[in-house]
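Chemist: So that we are looking at the same thing, I have put the structure below in structure tokens.
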Amino acid sequence: MVTTKDVIIIGGGAAGFFAAINIAEQNPRLSVAILERGKEGLQKVKISGGGRCNVTHAEFIPSELVLNYPRGEKELLGPFHTFMTGDTIAWFEERGVELKIEEDGRMFPVSNTSQTIIDCFLNEAKQHQVEVLYNHAVKTLQSSENGFKIETSQGVFQSKKIVVTTGSNPKIWKLLEDLGHTIVPPVPSLFTFDIKDKRIKDIPGVVAKNVDIKVVGTNLESQGPLLITHVGMSAPAILKLSAFGAVELAKRNYNFKIEVNFIQLDFATCLEHLKLCKQDFAKKTVIKLTQFDLPKRLWKSLISASNIEESERWADINKQQLEALANQLTKAVFQVSGKSTFKEEFVTAGGVDLKDVNFKTFESKLIPNLYFAGEVINVDAVTGGFNFQNAWTGAYIVAMSLDFT
């Protein structure tokens, strides 16, 4: 038996539910169904932001918002003029979910739990008679003049229009490739750096508030807070570098060197400051007089790495030690020897080639009535709610673009 629906959404995640709800709301007479391979959907929503769901980011200018997308920056500019952060906030508020902005710009439900977002989606889907079919893994996807035929683990479906919102799913990418789409091979994005180095070995938990980092031998660089962990380095400065460098760092098999400027001053300026310290604080112990607003444990570690003894006073240290310290502060080189997933938020770069997508509608350029939303296409973002914003925007535009005349 073949089940026929007007619109089928493949994938019951953030983009899938958002597309289904908006499609059903705009077209109440249509039969809309979500096919989800798992026994429940919205898993990324559940774990995002440590279980609080980082819904979006408080950036309200499209040309600024797109700068957070290593892949998709150019393509998303138009879509963000149609639906972006302010629209997301309004959409949730109209459905009783109030969002709040945190200091770093991330936005969460006021309730501080992702269950609020999940409940909103499930209630909206029910209200608009969206059928959500769990344990329906898609096995085949065929396109014909009459529409699409989908074989799942639970039965066969037919539909005039399909929206694929499966995120980073290799099996679905293979089916789309069989239909003629180019798939950009996936590589991890948003990961932390594994570093074994005696300078940071004993100081996990230390945060340098603002650093400059670059990958040696490339043009990759970033700024922001840096967190020293028990296995290496994390926090926005590292995550941004991992996202924008996803393809390049994969090529290097995650073995590369980074240069860290802990104080965002050049070597010469730093050295001048240290010379003044030597002059002004001659009788004080170097290790006890932390400079540049650095965490004390980090200062102590960099002092040790500069061959300065704990007991040495500013008056005692020579020119070579001063230069060594300036070097550690402004040009410290660390060997990265691997990566770790950032929390549970596994993000990949890769997917349906952006050239195959019409970004006015998020429809396939190759197959009419086949649409995409979310990370199934080669769009990804830095951490902070930006990946979800891409999902909401694409799903909303799909819903507004479906034509049943």
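How things are named: the first chain in the structure tokens is A, the next is B, and so on; residues count from 1 in each chain; ligands count from 1 in the order shown.
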Write out as number ranges by chain each polymer residue whose atoms come within 12 Å of Lys251 of chain A, counting only C-alpha atoms; drop sequence neighbours fewer than 5 positions from it.
Modeler: A: 187-188, 245-246, 256
Chemist: Which residues, written as a list in words, have at least one atom at most 8 Å from segment 303-316 of chain A, with only C-alpha atoms counted and residues fewer than 4 positions away on the same chain left out?
Modeler: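 My list of contacting residues is Arg199, Cys277, Lys278, Gln279, Phe281, Ala282, Lys283, Lys284, Thr285, Val286, Ile287, Trp299, Gln321, Leu322, Ala324, Leu325 and Gln328 of chain A.
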Chemist: Could the residues in this selection be saved with C-alpha atoms as a PDB file, in the first residue's frame?
Modeler:
ATOM      1  CA  ARG A 199      52.690  25.296  29.806  1.00  0.00           C
ATOM      2  CA  CYS A 277      58.049  46.898  34.930  1.00  0.00           C
ATOM      3  CA  LYS A 278      61.748  46.089  35.453  1.00  0.00           C
ATOM      4  CA  GLN A 279      62.351  49.764  36.121  1.00  0.00           C
ATOM      5  CA  PHE A 281      58.984  47.300  40.267  1.00  0.00           C
ATOM      6  CA  ALA A 282      62.678  46.413  40.624  1.00  0.00           C
ATOM      7  CA  LYS A 283      62.376  44.933  44.133  1.00  0.00           C
ATOM      8  CA  LYS A 284      59.150  42.989  43.536  1.00  0.00           C
ATOM      9  CA  THR A 285      58.986  39.324  42.537  1.00  0.00           C
ATOM     10  CA  VAL A 286      58.072  38.897  38.868  1.00  0.00           C
ATOM     11  CA  ILE A 287      55.739  35.985  39.486  1.00  0.00           C
ATOM     12  CA  TRP A 299      51.048  34.365  34.069  1.00  0.00           C
ATOM     13  CA  GLN A 321      64.503  36.544  29.862  1.00  0.00           C
ATOM     14  CA  LEU A 322      62.503  39.710  29.128  1.00  0.00           C
ATOM     15  CA  ALA A 324      61.513  35.255  26.165  1.00  0.00           C
ATOM     16  CA  LEU A 325      58.573  36.454  28.277  1.00  0.00           C
ATOM     17  CA  GLN A 328      55.487  33.757  25.353  1.00  0.00           C
TER      18      GLN A 328
END
Chemist: Extract the full set of strand (DSSP E) residues from segment 4-234 of chain A according to DSSP on the backbone, and format it as a PyMOL selection string.
Modeler: chain A and resi 4-10+32-35+56-57+99-101+106-109+131-133+138-144+147-152+155-164+183-189+191-194+207-215+221-228+232-234
Chemist: With C-alpha atoms retained, export the selected residues as a JSON list (two decimals), in the first residue's frame.
Modeler:
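Written out: again_1.json:
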[["chain", "number", "residue", "atom", "x", "y", "z"],
["A", 4, "THR", "CA", -0.07, 9.72, -0.40],
["A", 5, "LYS", "CA", 0.62, 13.12, 1.17],
["A", 6, "ASP", "CA", 0.71, 16.62, -0.34],
["A", 7, "VAL", "CA", 4.04, 17.44, 1.35],
["A", 8, "ILE", "CA", 6.52, 15.11, 3.01],
["A", 9, "ILE", "CA", 9.35, 16.37, 5.18],
["A", 10, "ILE", "CA", 12.22, 13.92, 5.55],
["A", 32, "VAL", "CA", 1.69, 17.29, 5.68],
["A", 33, "ALA", "CA", 3.82, 14.52, 7.19],
["A", 34, "ILE", "CA", 7.26, 14.28, 8.79],
["A", 35, "LEU", "CA", 9.26, 11.07, 8.35],
["A", 56, "THR", "CA", 19.31, 32.13, 17.82],
["A", 57, "HIS", "CA", 21.77, 34.99, 18.28],
["A", 99, "LEU", "CA", 13.34, 34.39, 24.52],
["A", 100, "LYS", "CA", 16.08, 36.19, 26.45],
["A", 101, "ILE", "CA", 19.45, 37.56, 25.38],
["A", 106, "ARG", "CA", 23.16, 33.95, 22.61],
["A", 107, "MET", "CA", 19.37, 33.66, 22.94],
["A", 108, "PHE", "CA", 17.55, 31.04, 25.00],
["A", 109, "PRO", "CA", 13.97, 30.47, 26.13],
["A", 131, "GLU", "CA", 1.46, 13.81, 10.99],
["A", 132, "VAL", "CA", 4.77, 12.88, 12.65],
["A", 133, "LEU", "CA", 5.85, 9.34, 11.78],
["A", 138, "VAL", "CA", 14.10, 6.43, 4.34],
["A", 139, "LYS", "CA", 15.61, 3.71, 2.14],
["A", 140, "THR", "CA", 14.93, 4.97, -1.39],
["A", 141, "LEU", "CA", 13.90, 8.26, -2.95],
["A", 142, "GLN", "CA", 12.69, 8.37, -6.54],
["A", 143, "SER", "CA", 11.63, 11.33, -8.62],
["A", 144, "SER", "CA", 9.13, 11.21, -11.51],
["A", 147, "GLY", "CA", 6.11, 13.53, -7.87],
["A", 148, "PHE", "CA", 8.21, 11.48, -5.49],
["A", 149, "LYS", "CA", 8.11, 7.94, -4.26],
["A", 150, "ILE", "CA", 9.71, 7.26, -0.89],
["A", 151, "GLU", "CA", 10.32, 3.81, 0.51],
["A", 152, "THR", "CA", 10.83, 3.71, 4.27],
["A", 155, "GLY", "CA", 6.09, 1.50, 4.15],
["A", 156, "VAL", "CA", 5.93, 3.41, 0.88],
["A", 157, "PHE", "CA", 4.89, 7.05, 0.48],
["A", 158, "GLN", "CA", 4.09, 9.31, -2.43],
["A", 159, "SER", "CA", 4.13, 13.08, -2.52],
["A", 160, "LYS", "CA", 4.12, 16.01, -4.95],
["A", 161, "LYS", "CA", 6.62, 17.95, -2.86],
["A", 162, "ILE", "CA", 9.50, 16.89, -0.64],
["A", 163, "VAL", "CA", 11.51, 18.88, 1.91],
["A", 164, "VAL", "CA", 14.78, 17.27, 3.03],
["A", 183, "ILE", "CA", 27.65, 16.33, -2.29],
["A", 184, "VAL", "CA", 30.57, 18.18, -0.70],
["A", 185, "PRO", "CA", 32.33, 15.54, 1.47],
["A", 186, "PRO", "CA", 31.61, 16.21, 5.15],
["A", 187, "VAL", "CA", 34.34, 17.19, 7.61],
["A", 188, "PRO", "CA", 33.92, 18.07, 11.29],
["A", 189, "SER", "CA", 33.39, 21.70, 12.23],
["A", 191, "PHE", "CA", 35.72, 21.21, 17.65],
["A", 192, "THR", "CA", 38.27, 21.86, 20.38],
["A", 193, "PHE", "CA", 42.04, 21.42, 19.99],
["A", 194, "ASP", "CA", 43.96, 18.59, 21.68],
["A", 207, "VAL", "CA", 40.31, 31.61, 30.73],
["A", 208, "ALA", "CA", 42.25, 34.25, 28.80],
["A", 209, "LYS", "CA", 39.58, 36.87, 28.11],
["A", 210, "ASN", "CA", 40.73, 37.98, 24.68],
["A", 211, "VAL", "CA", 43.43, 36.44, 22.54],
["A", 212, "ASP", "CA", 44.53, 36.47, 18.92],
["A", 213, "ILE", "CA", 45.19, 33.04, 17.41],
["A", 214, "LYS", "CA", 46.46, 31.99, 14.03],
["A", 215, "VAL", "CA", 47.20, 28.65, 12.42],
["A", 221, "GLU", "CA", 43.05, 33.48, 12.40],
["A", 222, "SER", "CA", 40.51, 34.40, 15.06],
["A", 223, "GLN", "CA", 40.01, 36.42, 18.22],
["A", 224, "GLY", "CA", 38.06, 35.98, 21.42],
["A", 225, "PRO", "CA", 38.11, 34.18, 24.78],
["A", 226, "LEU", "CA", 40.29, 31.09, 25.15],
["A", 227, "LEU", "CA", 39.70, 28.32, 27.68],
["A", 228, "ILE", "CA", 42.46, 25.94, 28.74],
["A", 232, "GLY", "CA", 43.97, 21.34, 25.30],
["A", 233, "MET", "CA", 42.15, 24.52, 24.33],
["A", 234, "SER", "CA", 38.52, 25.51, 23.73]]
Chemist: Pull the helix (DSSP H, G or I) assignments for segment 131-378 of chain A out of DSSP run on the backbone, and list those residues as a ChimeraX atom specification.
Modeler: /A:170-178,198-201,236-244,246-251,267-280,286-288,296-305,314-316,319-330,354-356,374-376
Chemist: From the set A:Gly338, A:Gly86, A:Gly350, A:Gly394, which residue has the shortest atom-to-atom contact distance to Val379 of chain A, counting only C-alpha atoms?
Modeler: A:Gly350
Chemist: Quote the spacing between atom CA of Val347 of chain A and atom CA of Leu402 of chain A in Å to one decimal place.
Modeler: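 So the two atoms, atom CA of Val347 of chain A and atom CA of Leu402 of chain A, lie 28.3 Å apart.
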Chemist: So what do you get for atom CA of His81 of chain A versus atom CA of Val352 of chain A, distance-wise?
Modeler: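 Here the two named atoms are 22.5 Å from each other.
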Chemist: Just the residues within 7 Å of Asp266 of chain A, please, counting only C-alpha atoms, with nothing from its chain fewer than 3 positions along; format it as a ChimeraX atom specification.
Modeler: /A:269-270,330
Chemist: Between atom CA of Asn54 of chain A and atom CA of Thr82 of chain A, what distance in Å does the model show, to one decimal?
Modeler: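 Computing it gives 21.2 Å between the two atoms.
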Chemist: Within 10 Å of Phe362 of chain A, counting only C-alpha atoms, which residues show up once you throw out same-chain ones fewer than 2 positions away? Write them as an NGL selection string, please.
Modeler: :A and (79 or 163 or 354 or 356-360 or 364-365 or 370-373 or 377 or 393-399 or 401)
Chemist: If you count only C-alpha atoms, which residues fall within 12 Å of Ile21 of chain A, apart from same-chain ones fewer than 2 positions away, as an MDAnalysis selection string?
Modeler: chainID A and resid 7:9 12 14:19 23:28 30:34 91 95 120:132 392 395:396 398:400
Chemist: Which residue out of A:Met1, A:Val260, A:Ala137, A:Val336 has the minimum interatomic distance to Lys196 of chain A when only C-alpha atoms are used?
Modeler: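 Closest to Lys196 of chain A of all the choices is A:Val336.
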